[in-house]
file run_14.tsv (TSV, C-alpha atoms and all ligand atoms)
chain	number	residue	atom	x	y	z
C	1	MET	CA	216.22	65.47	214.83
C	2	GLN	CA	217.39	62.55	217.04
C	3	LYS	CA	214.94	61.68	219.82
C	4	VAL	CA	216.17	61.87	223.40
C	5	ALA	CA	215.43	59.57	226.35
C	6	LEU	CA	216.30	60.09	230.01
C	7	VAL	CA	216.65	56.82	231.95
C	8	THR	CA	217.14	56.66	235.73
C	9	GLY	CA	218.76	53.68	237.41
C	10	ALA	CA	220.58	52.89	234.17
C	11	GLY	CA	223.65	51.44	235.90
C	12	LYS	CA	222.67	47.77	235.67
C	13	ASN	CA	220.01	45.14	235.00
C	14	ILE	CA	216.59	46.43	233.83
C	15	GLY	CA	217.60	50.10	233.51
C	16	ARG	CA	220.75	49.20	231.57
C	17	SER	CA	218.85	46.94	229.19
C	18	CYS	CA	216.19	49.62	228.60
C	19	ALA	CA	218.87	52.25	227.92
C	20	ILE	CA	220.67	50.02	225.43
C	21	GLU	CA	217.47	49.06	223.59
C	22	LEU	CA	216.35	52.71	223.46
C	23	ALA	CA	219.73	53.62	221.98
C	24	LYS	CA	219.38	50.83	219.41
C	25	ALA	CA	215.93	52.25	218.58
C	26	GLY	CA	217.63	55.56	217.75
C	27	PHE	CA	217.39	57.59	220.96
C	28	ALA	CA	220.26	59.59	222.41
C	29	VAL	CA	220.12	58.43	226.03
C	30	ALA	CA	220.85	60.44	229.18
C	31	LEU	CA	221.77	57.95	231.92
C	32	VAL	CA	221.21	58.71	235.61
C	33	ASP	CA	222.49	56.53	238.45
C	34	LEU	CA	224.17	56.64	241.84
C	35	SER	CA	226.83	54.28	240.53
C	36	GLU	CA	229.44	55.98	238.37
C	37	ASP	CA	231.00	52.65	237.35
C	38	GLY	CA	227.57	51.29	236.45
C	39	ILE	CA	226.53	54.07	234.10
C	40	GLU	CA	229.98	54.42	232.56
C	41	GLU	CA	229.73	50.73	231.66
C	42	THR	CA	226.21	51.23	230.27
C	43	ALA	CA	227.43	54.23	228.25
C	44	ALA	CA	230.32	52.12	226.89
C	45	LEU	CA	227.90	49.36	225.87
C	46	ILE	CA	225.69	51.92	224.11
C	47	GLY	CA	228.75	53.38	222.37
C	48	ALA	CA	229.82	49.90	221.26
C	49	ALA	CA	226.33	49.39	219.79
C	50	GLY	CA	226.75	52.62	217.79
C	51	GLY	CA	224.57	54.76	220.06
C	52	THR	CA	224.96	58.05	221.94
C	53	ALA	CA	224.79	58.47	225.73
C	54	SER	CA	225.59	61.00	228.43
C	55	THR	CA	226.11	60.12	232.09
C	56	HIS	CA	224.78	61.90	235.19
C	57	ILE	CA	225.65	60.74	238.70
C	58	ALA	CA	222.81	61.52	241.10
C	59	ASP	CA	220.51	60.25	243.80
C	60	VAL	CA	217.05	60.21	242.19
C	61	ALA	CA	215.50	61.03	245.57
C	62	ASN	CA	217.07	64.49	245.32
C	63	PHE	CA	214.68	67.09	243.84
C	64	LYS	CA	217.36	69.68	243.06
C	65	SER	CA	219.63	67.25	241.23
C	66	ALA	CA	216.65	66.14	239.09
C	67	GLN	CA	216.10	69.80	238.20
C	68	ASP	CA	219.80	70.26	237.32
C	69	ILE	CA	220.02	67.08	235.24
C	70	VAL	CA	216.85	67.80	233.26
C	71	ALA	CA	218.16	71.33	232.55
C	72	ARG	CA	221.53	69.93	231.45
C	73	VAL	CA	219.96	67.32	229.18
C	74	GLN	CA	217.61	69.90	227.68
C	75	GLN	CA	220.53	72.27	227.08
C	76	ARG	CA	222.67	69.57	225.48
C	77	TYR	CA	220.07	67.93	223.22
C	78	GLY	CA	217.35	70.61	222.94
C	79	GLN	CA	214.50	68.24	223.86
C	80	ILE	CA	213.45	65.26	225.98
C	81	ASP	CA	211.04	62.89	224.24
C	82	PHE	CA	210.93	60.00	226.68
C	83	LEU	CA	211.42	59.66	230.43
C	84	LEU	CA	211.91	56.28	232.08
C	85	ASN	CA	211.69	56.41	235.88
C	86	ASN	CA	213.38	53.08	236.58
C	87	ALA	CA	215.62	53.58	239.63
C	88	GLY	CA	214.30	51.72	242.63
C	89	LEU	CA	215.28	50.16	245.91
C	90	SER	CA	213.78	47.06	247.47
C	91	ASN	CA	213.21	46.86	251.20
C	92	GLY	CA	212.56	43.59	253.01
C	93	ILE	CA	212.04	45.05	256.47
C	94	GLY	CA	208.68	44.26	258.07
C	95	ILE	CA	206.29	46.69	259.76
C	96	LEU	CA	207.43	45.76	263.28
C	97	ASP	CA	211.12	46.29	262.56
C	98	ILE	CA	211.31	49.20	260.13
C	99	ASN	CA	212.25	52.65	261.38
C	100	GLU	CA	211.04	56.00	260.04
C	101	GLU	CA	214.22	56.73	258.12
C	102	GLN	CA	214.11	53.36	256.31
C	103	PHE	CA	210.44	53.85	255.39
C	104	ASP	CA	211.06	57.40	254.14
C	105	ARG	CA	214.04	56.27	252.05
C	106	THR	CA	212.01	53.54	250.31
C	107	ILE	CA	209.27	56.02	249.45
C	108	SER	CA	211.78	58.65	248.32
C	109	VAL	CA	213.85	56.44	246.02
C	110	ASN	CA	210.91	54.57	244.47
C	111	LEU	CA	208.07	57.13	244.43
C	112	LYS	CA	209.27	60.67	245.10
C	113	SER	CA	211.94	60.13	242.44
C	114	CYS	CA	209.14	59.82	239.84
C	115	PHE	CA	207.69	63.14	241.02
C	116	ASN	CA	211.16	64.73	240.92
C	117	TYR	CA	211.78	63.86	237.28
C	118	ILE	CA	208.21	64.18	235.93
C	119	HIS	CA	207.85	67.60	237.59
C	120	HIS	CA	210.85	68.90	235.68
C	121	VAL	CA	210.37	67.04	232.39
C	122	ALA	CA	206.62	67.61	231.91
C	123	PRO	CA	206.88	71.37	231.18
C	124	LEU	CA	209.41	70.65	228.42
C	125	MET	CA	207.22	67.95	226.90
C	126	LEU	CA	204.15	70.19	227.06
C	127	ALA	CA	206.11	73.00	225.36
C	128	GLN	CA	207.33	70.66	222.59
C	129	LYS	CA	203.76	69.29	222.32
C	130	SER	CA	204.70	65.63	222.71
C	131	GLY	CA	206.27	63.24	225.17
C	132	ARG	CA	206.03	59.86	226.80
C	133	ILE	CA	206.71	58.80	230.35
C	134	VAL	CA	207.04	55.30	231.82
C	135	SER	CA	207.65	54.57	235.52
C	136	MET	CA	208.72	51.21	236.93
C	137	SER	CA	206.19	49.91	239.43
C	138	SER	CA	206.08	46.23	240.42
C	139	LEU	CA	203.85	43.18	240.69
C	140	ALA	CA	204.31	43.75	244.44
C	141	ALA	CA	202.09	46.85	244.12
C	142	LEU	CA	199.20	44.67	242.94
C	143	SER	CA	199.64	41.50	244.94
C	144	GLY	CA	201.93	42.13	247.89
C	145	GLY	CA	204.01	39.88	245.75
C	146	VAL	CA	205.94	36.67	245.47
C	147	THR	CA	208.89	39.00	245.94
C	148	ALA	CA	207.76	39.42	249.54
C	149	ALA	CA	210.95	37.70	250.66
C	150	ILE	CA	212.99	40.68	249.49
C	151	SER	CA	210.43	43.47	249.28
C	152	LYS	CA	207.82	44.05	251.89
C	153	PHE	CA	205.13	46.63	252.59
C	154	SER	CA	207.13	49.87	252.21
C	155	TYR	CA	208.23	48.84	248.71
C	156	ALA	CA	204.71	47.68	247.80
C	157	ALA	CA	203.32	51.00	249.06
C	158	ALA	CA	205.81	53.04	247.03
C	159	LYS	CA	205.18	50.99	243.89
C	160	ALA	CA	201.39	51.23	244.34
C	161	GLY	CA	201.86	54.99	244.66
C	162	ILE	CA	203.47	54.98	241.22
C	163	ILE	CA	200.30	53.44	239.74
C	164	GLY	CA	198.08	56.11	241.32
C	165	MET	CA	200.45	58.85	240.16
C	166	THR	CA	200.51	57.38	236.65
C	167	ARG	CA	196.72	57.22	236.30
C	168	SER	CA	196.24	60.75	237.61
C	169	LEU	CA	199.04	62.27	235.52
C	170	ALA	CA	197.79	60.54	232.37
C	171	LYS	CA	194.63	62.62	232.82
C	172	GLU	CA	196.42	65.80	233.84
C	173	LEU	CA	199.08	65.68	231.10
C	174	GLY	CA	196.94	64.17	228.32
C	175	PRO	CA	196.44	64.48	225.45
C	176	THR	CA	199.99	65.78	224.97
C	177	ILE	CA	201.92	63.32	227.14
C	178	ALA	CA	201.27	59.57	227.48
C	179	VAL	CA	202.01	58.34	231.00
C	180	ASN	CA	202.24	54.63	231.81
C	181	ALA	CA	203.66	52.30	234.43
C	182	ILE	CA	205.10	48.80	234.14
C	183	CYS	CA	204.69	46.14	236.81
C	184	PRO	CA	207.43	43.53	236.35
C	185	GLY	CA	207.12	40.17	238.03
C	186	VAL	CA	210.33	38.51	239.13
C	187	ILE	CA	213.07	39.50	236.72
C	188	ARG	CA	216.36	37.68	236.49
C	189	SER	CA	218.96	40.07	237.91
C	190	GLU	CA	220.54	39.49	241.30
C	191	VAL	CA	217.13	38.33	242.37
C	192	GLU	CA	218.01	34.64	242.72
C	193	ALA	CA	220.86	35.49	245.04
C	194	MET	CA	218.49	37.69	247.03
C	195	ILE	CA	215.50	35.37	247.34
C	196	GLY	CA	217.37	32.06	247.21
C	197	GLN	CA	217.18	29.08	244.89
C	198	THR	CA	214.01	27.58	246.44
C	199	SER	CA	212.01	30.80	246.18
C	200	ALA	CA	213.22	31.30	242.61
C	201	GLU	CA	212.01	27.79	241.76
C	202	ASP	CA	208.62	28.59	243.36
C	203	VAL	CA	208.37	31.67	241.17
C	204	VAL	CA	209.13	29.65	238.04
C	205	LYS	CA	206.62	26.93	238.99
C	206	GLY	CA	203.95	29.56	239.72
C	207	ASN	CA	203.85	31.36	236.40
C	208	ALA	CA	202.39	30.32	233.09
C	209	LEU	CA	205.62	30.75	231.13
C	210	ARG	CA	207.70	28.69	233.63
C	211	ARG	CA	210.68	31.02	233.79
C	212	LEU	CA	211.94	34.18	235.44
C	213	GLY	CA	211.64	37.36	233.38
C	214	THR	CA	214.68	39.01	231.83
C	215	PRO	CA	215.64	42.67	231.64
C	216	LEU	CA	215.11	42.41	227.87
C	217	ASP	CA	211.48	41.29	228.42
C	218	ILE	CA	210.93	44.64	230.11
C	219	ALA	CA	213.09	46.68	227.73
C	220	ASN	CA	211.13	45.48	224.67
C	221	VAL	CA	207.89	46.83	226.15
C	222	VAL	CA	209.56	50.07	227.23
C	223	VAL	CA	210.80	50.64	223.67
C	224	PHE	CA	207.32	49.90	222.32
C	225	LEU	CA	205.79	52.50	224.67
C	226	ALA	CA	208.54	55.00	223.81
C	227	THR	CA	208.36	54.66	220.05
C	228	ASN	CA	205.13	53.31	218.61
C	229	GLU	CA	203.12	56.33	217.61
C	230	PRO	CA	200.31	56.81	217.49
C	231	ASN	CA	199.10	54.39	220.10
C	232	PHE	CA	196.07	54.62	222.33
C	233	ILE	CA	197.83	53.51	225.53
C	234	THR	CA	198.03	55.86	228.51
C	235	GLY	CA	197.23	55.68	232.22
C	236	GLN	CA	198.02	51.96	232.27
C	237	ALA	CA	199.96	49.73	234.61
C	238	LEU	CA	201.16	46.93	232.34
C	239	THR	CA	201.96	43.72	234.17
C	240	ILE	CA	204.88	41.79	232.67
C	241	ASP	CA	205.19	38.66	234.77
C	242	GLY	CA	204.56	35.56	232.64
C	243	PHE	CA	201.18	35.45	234.49
C	244	GLN	CA	202.47	34.86	238.02
C	245	TYR	CA	199.37	33.12	239.35
C	246	ASN	CA	200.82	32.21	242.74
C	247	ALA	CA	201.56	35.89	243.53
V	1	LIG	N1	214.23	42.80	239.36
V	1	LIG	C1	212.98	42.54	239.62
V	1	LIG	O1	212.57	41.39	239.79
V	1	LIG	C2	211.98	43.67	239.68
V	1	LIG	C3	210.62	43.35	239.84
V	1	LIG	C4	209.68	44.37	239.90
V	1	LIG	C5	210.08	45.69	239.82
V	1	LIG	N2	211.40	45.98	239.67
V	1	LIG	C6	211.76	47.40	239.60
V	1	LIG	O2	212.46	47.64	238.40
V	1	LIG	C7	213.46	48.64	238.60
V	1	LIG	C8	214.83	48.09	238.23
V	1	LIG	O3	215.04	46.87	238.93
V	1	LIG	P1	216.45	46.11	238.89
V	1	LIG	O4	216.20	44.74	239.39
V	1	LIG	O5	217.10	46.33	237.58
V	1	LIG	O6	217.20	46.93	240.04
V	1	LIG	P2	218.76	46.89	240.43
V	1	LIG	O7	218.83	47.07	241.90
V	1	LIG	O8	219.43	45.72	239.81
V	1	LIG	O9	219.33	48.20	239.72
V	1	LIG	C9	218.83	49.46	240.13
V	1	LIG	C10	219.72	50.55	239.57
V	1	LIG	O10	219.22	51.78	240.13
V	1	LIG	C11	220.31	52.45	240.76
V	1	LIG	N3	219.81	53.19	241.92
V	1	LIG	C12	219.32	52.65	243.07
V	1	LIG	N4	218.99	53.66	243.91
V	1	LIG	C13	219.27	54.82	243.28
V	1	LIG	C14	219.17	56.19	243.64
V	1	LIG	N5	218.71	56.56	244.84
V	1	LIG	N6	219.53	57.13	242.73
V	1	LIG	C15	220.02	56.77	241.52
V	1	LIG	N7	220.17	55.48	241.13
V	1	LIG	C16	219.79	54.53	242.00
V	1	LIG	C17	221.30	51.38	241.17
V	1	LIG	O11	222.61	51.92	241.33
V	1	LIG	C18	221.18	50.41	240.01
V	1	LIG	O12	222.05	50.76	238.94
V	1	LIG	C19	213.34	49.05	240.07
V	1	LIG	O13	212.49	50.17	240.17
V	1	LIG	C20	212.69	47.84	240.70
V	1	LIG	O14	212.01	48.15	241.88
V	1	LIG	C21	212.35	45.01	239.61
call {"tool": "encode", "arguments": {"input": "run_14.tsv", "output": "C-alpha cells", "more": "lines below"}}
Ligand SMILES: NC(=O)c1ccc[n+]([C@@H]2O[C@H](COP(=O)([O-])OP(=O)(O)OC[C@H]3O[C@@H](n4cnc5c(N)ncnc54)[C@H](O)[C@@H]3O)[C@@H](O)[C@H]2O)c1
result
Amino acid sequence: MQKVALVTGAGKNIGRSCAIELAKAGFAVALVDLSEDGIEETAALIGAAGGTASTHIADVANFKSAQDIVARVQQRYGQIDFLLNNAGLSNGIGILDINEEQFDRTISVNLKSCFNYIHHVAPLMLAQKSGRIVSMSSLAALSGGVTAAISKFSYAAAKAGIIGMTRSLAKELGPTIAVNAICPGVIRSEVEAMIGQTSAEDVVKGNALRRLGTPLDIANVVVFLATNEPNFITGQALTIDGFQYNA
C-alpha cells in the first residue's frame, strides 16, 4: 500500500521541496496551503516527477478545516503515515508596536496550526499503529535568532511552543508515533529580499558552512525522519543551520 503524507504550507519554498522529495520517496502527498496557485504548481511539479498529490486550500489556523481535510485525506487514501506541519508566518513587529490581533495571528498560524492537525491525525495513526510527525520550528526558538530582522519575539515564542509541544507529544503518543521538530537556520527562499544583502552576508559569515541553507537541506532530513524505520529518534528538535554560531 502506498504511504501517505500530509504537508501544510506546501505552496512554495521549504514546504514545496519537502512535498516533492516525499513524493519522490514514494508517498502520495496531500498538499495544504492558503495559496491555490502555489499548491497547484507544487502538485504539477510532483506530477511531472511521476508522483501523486491532492490539493487542499485552507488556513492552517482554522481547526474545523484541519478536521475536514484530515477526514478527506483519510477517506481518499485510507491512511495517513506522515504529517509535516510546515506552514508558518514570520512577524517582525516588536513588543512595543505589536497589537493583540497580530500576536494572536502569529501564534495561531505557527503553533495552533500544529495542534489543529496533530489533534486530528493522531487518532488515525494510533488506530493504524504507526505514524510520524514533524513540525517546523526555527533557530529563532532557541536563540532569538539571526533572523531577528524579520522575525521577532512573537514568532520566537510560537516556534519555541512547537518544541515544547513536540517533546510532550513524543511522550504522550509514543511508542506508536514518533514526533519531532526541525529548527532551520536561515534558508534561502525570499529571505535575502526580506533581511537585505548585508544581513544575508552576516549570516553566511557567521556559520561554519559559509552559506545559507536551501529548502532541499531541510527536505532531505524530513524525508529521513518520514521514512527510515526503525529509528530511535523522537522528541527531538533538530537544528539544521550550518552551525550558526553568531545566532
Ligand atoms: N526560510 C527560513 O529561513 C526559515 C527559517 C526557520 C524556520 N522556517 C520555517 O519553515 C517553514 C517554511 O518556511 P518558508 O521560508 O518556506 O516559508 P514561506 O513563507 O516561503 O512559505 C510558507 C508557505 O506556507 C503558506 N502559508 C502561510 N500561512 C498559511 C496559513 N495560515 N495557512 C495555510 N498556508 C499558509 C504560504 O502560502 C506559503 O506557501 C515556516 O514554518 C517557517 O517559519 C523558515
call {"tool": "residues_around", "arguments": {"input": "run_14.tsv", "residues": "C:Gly51", "least_positions_apart": "6", "cutoff": "10 Å", "atoms": "all atoms listed in the file", "output": "list of chain:residue names"}}
result
C:Ile20, C:Glu21, C:Leu22, C:Ala23, C:Lys24, C:Ala25, C:Gly26, C:Phe27, C:Ala28, C:Val29, C:Ala43, C:Ala44, C:Leu45
call {"tool": "closest_atom_pairs", "arguments": {"input": "run_14.tsv", "of": "stretch 24-95 of chain C", "to": "stretch 225-245 of chain C", "cutoff": "9 Å", "atoms": "only C-alpha atoms", "output": "JSON lines"}}
result
{"residue": "C:Ala25", "atom": "CA", "partner": "C:Thr227", "partner_atom": "CA", "distance": 8.1}
{"residue": "C:Asp81", "atom": "CA", "partner": "C:Ala226", "partner_atom": "CA", "distance": 8.3}
{"residue": "C:Phe82", "atom": "CA", "partner": "C:Ala226", "partner_atom": "CA", "distance": 6.2}
{"residue": "C:Leu83", "atom": "CA", "partner": "C:Ala226", "partner_atom": "CA", "distance": 8.6}
call {"tool": "residues_near_point", "arguments": {"input": "run_14.tsv", "point": "(215.2, 49.8, 251.7)", "cutoff": "8 Å", "atoms": "all atoms listed in the file", "output": "ChimeraX atom specification"}}
result
/C:89-93,102-103,105-106,155
call {"tool": "atom_distance", "arguments": {"input": "run_14.tsv", "atom1": "atom CA of C:Phe115", "atom2": "atom CA of C:Gly94"}}
result
25.5 Å
call {"tool": "closest_residue", "arguments": {"input": "run_14.tsv", "among": "C:Ala19, C:Met1, C:Leu34, C:Leu124", "to": "C:Asn220", "atoms": "only C-alpha atoms"}}
result
C:Ala19
call {"tool": "closest_residue", "arguments": {"input": "run_14.tsv", "among": "C:Leu216, C:Ile98, C:Ile133, C:Val186", "to": "C:Asp202", "atoms": "all atoms listed in the file"}}
result
C:Val186
call {"tool": "closest_residue", "arguments": {"input": "run_14.tsv", "among": "C:Gly196, C:Gly11, C:Pro184, C:Gly174", "to": "C:Lys159", "atoms": "all atoms listed in the file"}}
result
C:Pro184
call {"tool": "closest_residue", "arguments": {"input": "run_14.tsv", "among": "C:Asn246, C:Asn85, C:Asn110, C:Thr198", "to": "C:Ala158", "atoms": "only C-alpha atoms"}}
result
C:Asn110
call {"tool": "closest_residue", "arguments": {"input": "run_14.tsv", "among": "C:Ala170, C:Ala53, C:Val223, C:Leu139", "to": "ligand LIG 1 (chain V)", "atoms": "only C-alpha atoms and all ligand atoms"}}
result
C:Leu139
call {"tool": "residues_near_ligand", "arguments": {"input": "run_14.tsv", "ligand": "ligand LIG 1 (chain V)", "cutoff": "9 Å", "atoms": "all atoms listed in the file", "output": "CSV table (one decimal) with C-alpha atoms, keeping the file's coordinate frame"}}
result
chain,number,residue,atom,x,y,z
C,8,THR,CA,217.1,56.7,235.7
C,9,GLY,CA,218.8,53.7,237.4
C,10,ALA,CA,220.6,52.9,234.2
C,11,GLY,CA,223.6,51.4,235.9
C,12,LYS,CA,222.7,47.8,235.7
C,13,ASN,CA,220.0,45.1,235.0
C,14,ILE,CA,216.6,46.4,233.8
C,15,GLY,CA,217.6,50.1,233.5
C,16,ARG,CA,220.8,49.2,231.6
C,17,SER,CA,218.8,46.9,229.2
C,32,VAL,CA,221.2,58.7,235.6
C,33,ASP,CA,222.5,56.5,238.4
C,34,LEU,CA,224.2,56.6,241.8
C,35,SER,CA,226.8,54.3,240.5
C,36,GLU,CA,229.4,56.0,238.4
C,38,GLY,CA,227.6,51.3,236.4
C,39,ILE,CA,226.5,54.1,234.1
C,57,ILE,CA,225.6,60.7,238.7
C,58,ALA,CA,222.8,61.5,241.1
C,59,ASP,CA,220.5,60.2,243.8
C,60,VAL,CA,217.0,60.2,242.2
C,61,ALA,CA,215.5,61.0,245.6
C,62,ASN,CA,217.1,64.5,245.3
C,85,ASN,CA,211.7,56.4,235.9
C,86,ASN,CA,213.4,53.1,236.6
C,87,ALA,CA,215.6,53.6,239.6
C,88,GLY,CA,214.3,51.7,242.6
C,89,LEU,CA,215.3,50.2,245.9
C,90,SER,CA,213.8,47.1,247.5
C,105,ARG,CA,214.0,56.3,252.0
C,108,SER,CA,211.8,58.6,248.3
C,109,VAL,CA,213.8,56.4,246.0
C,110,ASN,CA,210.9,54.6,244.5
C,113,SER,CA,211.9,60.1,242.4
C,135,SER,CA,207.6,54.6,235.5
C,136,MET,CA,208.7,51.2,236.9
C,137,SER,CA,206.2,49.9,239.4
C,138,SER,CA,206.1,46.2,240.4
C,139,LEU,CA,203.8,43.2,240.7
C,140,ALA,CA,204.3,43.8,244.4
C,147,THR,CA,208.9,39.0,245.9
C,151,SER,CA,210.4,43.5,249.3
C,155,TYR,CA,208.2,48.8,248.7
C,159,LYS,CA,205.2,51.0,243.9
C,182,ILE,CA,205.1,48.8,234.1
C,183,CYS,CA,204.7,46.1,236.8
C,184,PRO,CA,207.4,43.5,236.4
C,185,GLY,CA,207.1,40.2,238.0
C,186,VAL,CA,210.3,38.5,239.1
C,187,ILE,CA,213.1,39.5,236.7
C,188,ARG,CA,216.4,37.7,236.5
C,189,SER,CA,219.0,40.1,237.9
C,190,GLU,CA,220.5,39.5,241.3
C,191,VAL,CA,217.1,38.3,242.4
C,212,LEU,CA,211.9,34.2,235.4
C,213,GLY,CA,211.6,37.4,233.4
C,214,THR,CA,214.7,39.0,231.8
C,215,PRO,CA,215.6,42.7,231.6
C,218,ILE,CA,210.9,44.6,230.1
C,241,ASP,CA,205.2,38.7,234.8
call {"tool": "closest_residue", "arguments": {"input": "run_14.tsv", "among": "C:Leu142, C:Ile95, C:Val222, C:Ile177", "to": "C:Ala247", "atoms": "only C-alpha atoms"}}
result
C:Leu142
call {"tool": "atom_distance", "arguments": {"input": "run_14.tsv", "atom1": "atom CA of C:Ser168", "atom2": "atom CA of C:Ala181"}}
result
11.7 Å
call {"tool": "residues_around", "arguments": {"input": "run_14.tsv", "residues": "C:Val121", "least_positions_apart": "3", "cutoff": "10 Å", "atoms": "all atoms listed in the file", "output": "PDB file with C-alpha atoms, in the frame of the given file"}}
result
ATOM      1  CA  LEU C   6     216.300  60.090 230.010  1.00  0.00           C
ATOM      2  CA  ALA C  66     216.650  66.140 239.090  1.00  0.00           C
ATOM      3  CA  GLN C  67     216.100  69.800 238.200  1.00  0.00           C
ATOM      4  CA  VAL C  70     216.850  67.800 233.260  1.00  0.00           C
ATOM      5  CA  ALA C  71     218.160  71.330 232.550  1.00  0.00           C
ATOM      6  CA  GLN C  74     217.610  69.900 227.680  1.00  0.00           C
ATOM      7  CA  GLN C  79     214.500  68.240 223.860  1.00  0.00           C
ATOM      8  CA  ILE C  80     213.450  65.260 225.980  1.00  0.00           C
ATOM      9  CA  ASP C  81     211.040  62.890 224.240  1.00  0.00           C
ATOM     10  CA  PHE C  82     210.930  60.000 226.680  1.00  0.00           C
ATOM     11  CA  LEU C  83     211.420  59.660 230.430  1.00  0.00           C
ATOM     12  CA  PHE C 115     207.690  63.140 241.020  1.00  0.00           C
ATOM     13  CA  ASN C 116     211.160  64.730 240.920  1.00  0.00           C
ATOM     14  CA  TYR C 117     211.780  63.860 237.280  1.00  0.00           C
ATOM     15  CA  ILE C 118     208.210  64.180 235.930  1.00  0.00           C
ATOM     16  CA  LEU C 124     209.410  70.650 228.420  1.00  0.00           C
ATOM     17  CA  MET C 125     207.220  67.950 226.900  1.00  0.00           C
ATOM     18  CA  LEU C 126     204.150  70.190 227.060  1.00  0.00           C
ATOM     19  CA  GLY C 131     206.270  63.240 225.170  1.00  0.00           C
ATOM     20  CA  ILE C 133     206.710  58.800 230.350  1.00  0.00           C
TER      21      ILE C 133
END
call {"tool": "decode", "arguments": {"input": "run_14.tsv", "residues": "stretch 36-79 of chain C", "atoms": "C-alpha atoms", "output": "PDB file, in the first residue's frame"}}
result
ATOM      1  CA  GLU C  36      -4.231  27.919  -4.635  1.00  0.00           C
ATOM      2  CA  ASP C  37      -1.693  28.866  -7.318  1.00  0.00           C
ATOM      3  CA  GLY C  38       1.146  27.753  -5.047  1.00  0.00           C
ATOM      4  CA  ILE C  39      -0.123  24.255  -4.332  1.00  0.00           C
ATOM      5  CA  GLU C  40      -1.374  23.703  -7.873  1.00  0.00           C
ATOM      6  CA  GLU C  41       2.180  24.425  -9.026  1.00  0.00           C
ATOM      7  CA  THR C  42       3.595  22.075  -6.379  1.00  0.00           C
ATOM      8  CA  ALA C  43       1.118  19.372  -7.438  1.00  0.00           C
ATOM      9  CA  ALA C  44       2.163  19.864 -11.083  1.00  0.00           C
ATOM     10  CA  LEU C  45       5.843  19.513 -10.140  1.00  0.00           C
ATOM     11  CA  ILE C  46       5.052  16.311  -8.224  1.00  0.00           C
ATOM     12  CA  GLY C  47       3.063  15.003 -11.201  1.00  0.00           C
ATOM     13  CA  ALA C  48       5.964  15.808 -13.535  1.00  0.00           C
ATOM     14  CA  ALA C  49       8.269  13.827 -11.216  1.00  0.00           C
ATOM     15  CA  GLY C  50       5.908  10.831 -11.511  1.00  0.00           C
ATOM     16  CA  GLY C  51       4.269  11.297  -8.101  1.00  0.00           C
ATOM     17  CA  THR C  52       0.712  11.637  -6.784  1.00  0.00           C
ATOM     18  CA  ALA C  53      -0.708  14.687  -4.997  1.00  0.00           C
ATOM     19  CA  SER C  54      -4.025  16.158  -3.916  1.00  0.00           C
ATOM     20  CA  THR C  55      -4.573  19.838  -3.122  1.00  0.00           C
ATOM     21  CA  HIS C  56      -6.488  21.406  -0.227  1.00  0.00           C
ATOM     22  CA  ILE C  57      -6.889  25.170   0.110  1.00  0.00           C
ATOM     23  CA  ALA C  58      -7.121  26.153   3.772  1.00  0.00           C
ATOM     24  CA  ASP C  59      -5.894  28.421   6.523  1.00  0.00           C
ATOM     25  CA  VAL C  60      -3.967  26.120   8.888  1.00  0.00           C
ATOM     26  CA  ALA C  61      -5.048  28.279  11.825  1.00  0.00           C
ATOM     27  CA  ASN C  62      -8.600  27.006  11.306  1.00  0.00           C
ATOM     28  CA  PHE C  63      -9.430  23.986  13.499  1.00  0.00           C
ATOM     29  CA  LYS C  64     -12.527  22.926  11.558  1.00  0.00           C
ATOM     30  CA  SER C  65     -10.808  22.983   8.175  1.00  0.00           C
ATOM     31  CA  ALA C  66      -7.998  20.806   9.602  1.00  0.00           C
ATOM     32  CA  GLN C  67     -10.662  18.331  10.719  1.00  0.00           C
ATOM     33  CA  ASP C  68     -12.311  18.362   7.261  1.00  0.00           C
ATOM     34  CA  ILE C  69      -9.032  17.975   5.364  1.00  0.00           C
ATOM     35  CA  VAL C  70      -7.773  15.110   7.533  1.00  0.00           C
ATOM     36  CA  ALA C  71     -11.133  13.346   7.065  1.00  0.00           C
ATOM     37  CA  ARG C  72     -10.979  13.889   3.293  1.00  0.00           C
ATOM     38  CA  VAL C  73      -7.404  12.615   3.031  1.00  0.00           C
ATOM     39  CA  GLN C  74      -8.225   9.593   5.189  1.00  0.00           C
ATOM     40  CA  GLN C  75     -11.280   8.853   3.044  1.00  0.00           C
ATOM     41  CA  ARG C  76      -9.347   9.182  -0.211  1.00  0.00           C
ATOM     42  CA  TYR C  77      -6.195   7.234   0.702  1.00  0.00           C
ATOM     43  CA  GLY C  78      -7.320   5.123   3.689  1.00  0.00           C
ATOM     44  CA  GLN C  79      -4.386   6.169   5.905  1.00  0.00           C
TER      45      GLN C  79
END
